[in-house]
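Notes follow the structure.
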Amino acid sequence: MLYDIFIFPLEGLLSLLLDFLYSLTHSFGLAIILLSLCVNLFLLKLFFIADRAALDNENKKQRLDIKIAEFKRVFKGWERYAYIRTLYRQNHYHPIHALKALFGLILQIPFFLAVLNLLEFHSPQIYHLSFWLIEDLSKPDSLLFGFNLLPLLMSVLTLWNVFISSKSRLQGVIITLLFLILLYKMPSALLLYWTTSMAFALLKTLILRVQK
């Protein structure tokens, strides 16, 4: 039901866009890259809202951490726990709010699932179809001495973005490693889309840092 409501309509729109981009470029690999850029540009405003929420959360956590450090010097055990819990409740904060730093990534998930199904539908078209150094977009790239380069590049870009944009790095590292494991043997076409998305996210973060 969730697929029919959220993913299927999105998949249809992305399919139309991908076909249009392919008609312009006559390159399936380039069309996938442009599709990823179009999706990211469409979500740009939501990315800024998510980034602002993550920054506000981090600033609040820093203020609370100063008070928590004082509690730890004075109180122990259950008494310390009670004071910290009260502090969180008074400031409407919970440690799980650290996941706000990953909202930008979470926004991509419905589009990722739609593209996954979309490329599965287009798999006959991309079978044995090459793009630049990739010999077959329907298979893992095997560009790094038999190892797959695109998922590694995707992970490096994601981690770079996590380490310069967020203090909640542990969650980012865990999710990045999970994606690396899940996507390592996926078709190059899908990795091309996701790697482009991560490159866009990193570029956005770097531009914002320069402007501050």
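Residues are referred to by chain and number: the chain letter is A, B, ... according to the order shown in the structure tokens, the number counts from 1 in that chain, and ligands are numbered separately from 1 in the order shown.
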- request: Would you list the contacts of segment 180-193 of chain A as a list in words, taking every protein, DNA or RNA residue within 8 Å and counting only C-alpha atoms, but skipping same-chain residues closer than 6 positions in sequence?
  value: Gly29, Ile32, Ile33, Leu35, Ser36, Val115, Leu116, Leu119, Ile134, Asp136, Leu137, Ser138, Lys139, Pro140, Asp141, Asn148, Leu150, Pro151, Leu152, Met154 and Ser155 of chain A
- prompt: Could you write out, as number ranges by chain, all the residues of segment 3-212 of chain A that DSSP marks as helix (DSSP H, G or I)?
  reply: A: 3-25, 28-42, 44-74, 77-90, 95-121, 123-126, 149-165, 169-183, 188-211
query: How would you write, as a list in words, the set of residues in segment 7-211 of chain A that DSSP gives as strand (DSSP E or B)?
result: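 So the strand (DSSP E or B) residues in segment 7-211 of chain A would be Phe131, Ile134, Leu144 and Phe147 of chain A.
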query: In Å, how far is it from atom CA of Asn40 of chain A to atom CA of Gln108 of chain A?
result: 8.4 Å
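Note that atom CA of Arg80 of chain A and atom CA of Ala54 of chain A are 26.8 Å apart.
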What are the nearest atom pairs, with distances in Å to one decimal, for all residues of segment 83-166 of chain A that come at most 12 Å from segment 12-16 of chain A, using only C-alpha atoms, set out by chain and rising residue number as JSON lines?
```
{"residue": "A:Pro110", "atom": "CA", "partner": "A:Leu14", "partner_atom": "CA", "distance": 11.6}
{"residue": "A:Phe111", "atom": "CA", "partner": "A:Leu14", "partner_atom": "CA", "distance": 8.6}
{"residue": "A:Phe112", "atom": "CA", "partner": "A:Leu14", "partner_atom": "CA", "distance": 10.7}
{"residue": "A:Leu113", "atom": "CA", "partner": "A:Leu14", "partner_atom": "CA", "distance": 11.2}
{"residue": "A:Ala114", "atom": "CA", "partner": "A:Leu14", "partner_atom": "CA", "distance": 7.7}
{"residue": "A:Val115", "atom": "CA", "partner": "A:Leu14", "partner_atom": "CA", "distance": 7.4}
{"residue": "A:Leu116", "atom": "CA", "partner": "A:Leu14", "partner_atom": "CA", "distance": 10.9}
{"residue": "A:Asn117", "atom": "CA", "partner": "A:Ser15", "partner_atom": "CA", "distance": 9.9}
{"residue": "A:Leu118", "atom": "CA", "partner": "A:Ser15", "partner_atom": "CA", "distance": 6.5}
{"residue": "A:Leu119", "atom": "CA", "partner": "A:Ser15", "partner_atom": "CA", "distance": 8.9}
{"residue": "A:Glu120", "atom": "CA", "partner": "A:Ser15", "partner_atom": "CA", "distance": 11.3}
{"residue": "A:Phe121", "atom": "CA", "partner": "A:Ser15", "partner_atom": "CA", "distance": 9.4}
{"residue": "A:His122", "atom": "CA", "partner": "A:Ser15", "partner_atom": "CA", "distance": 9.1}
```
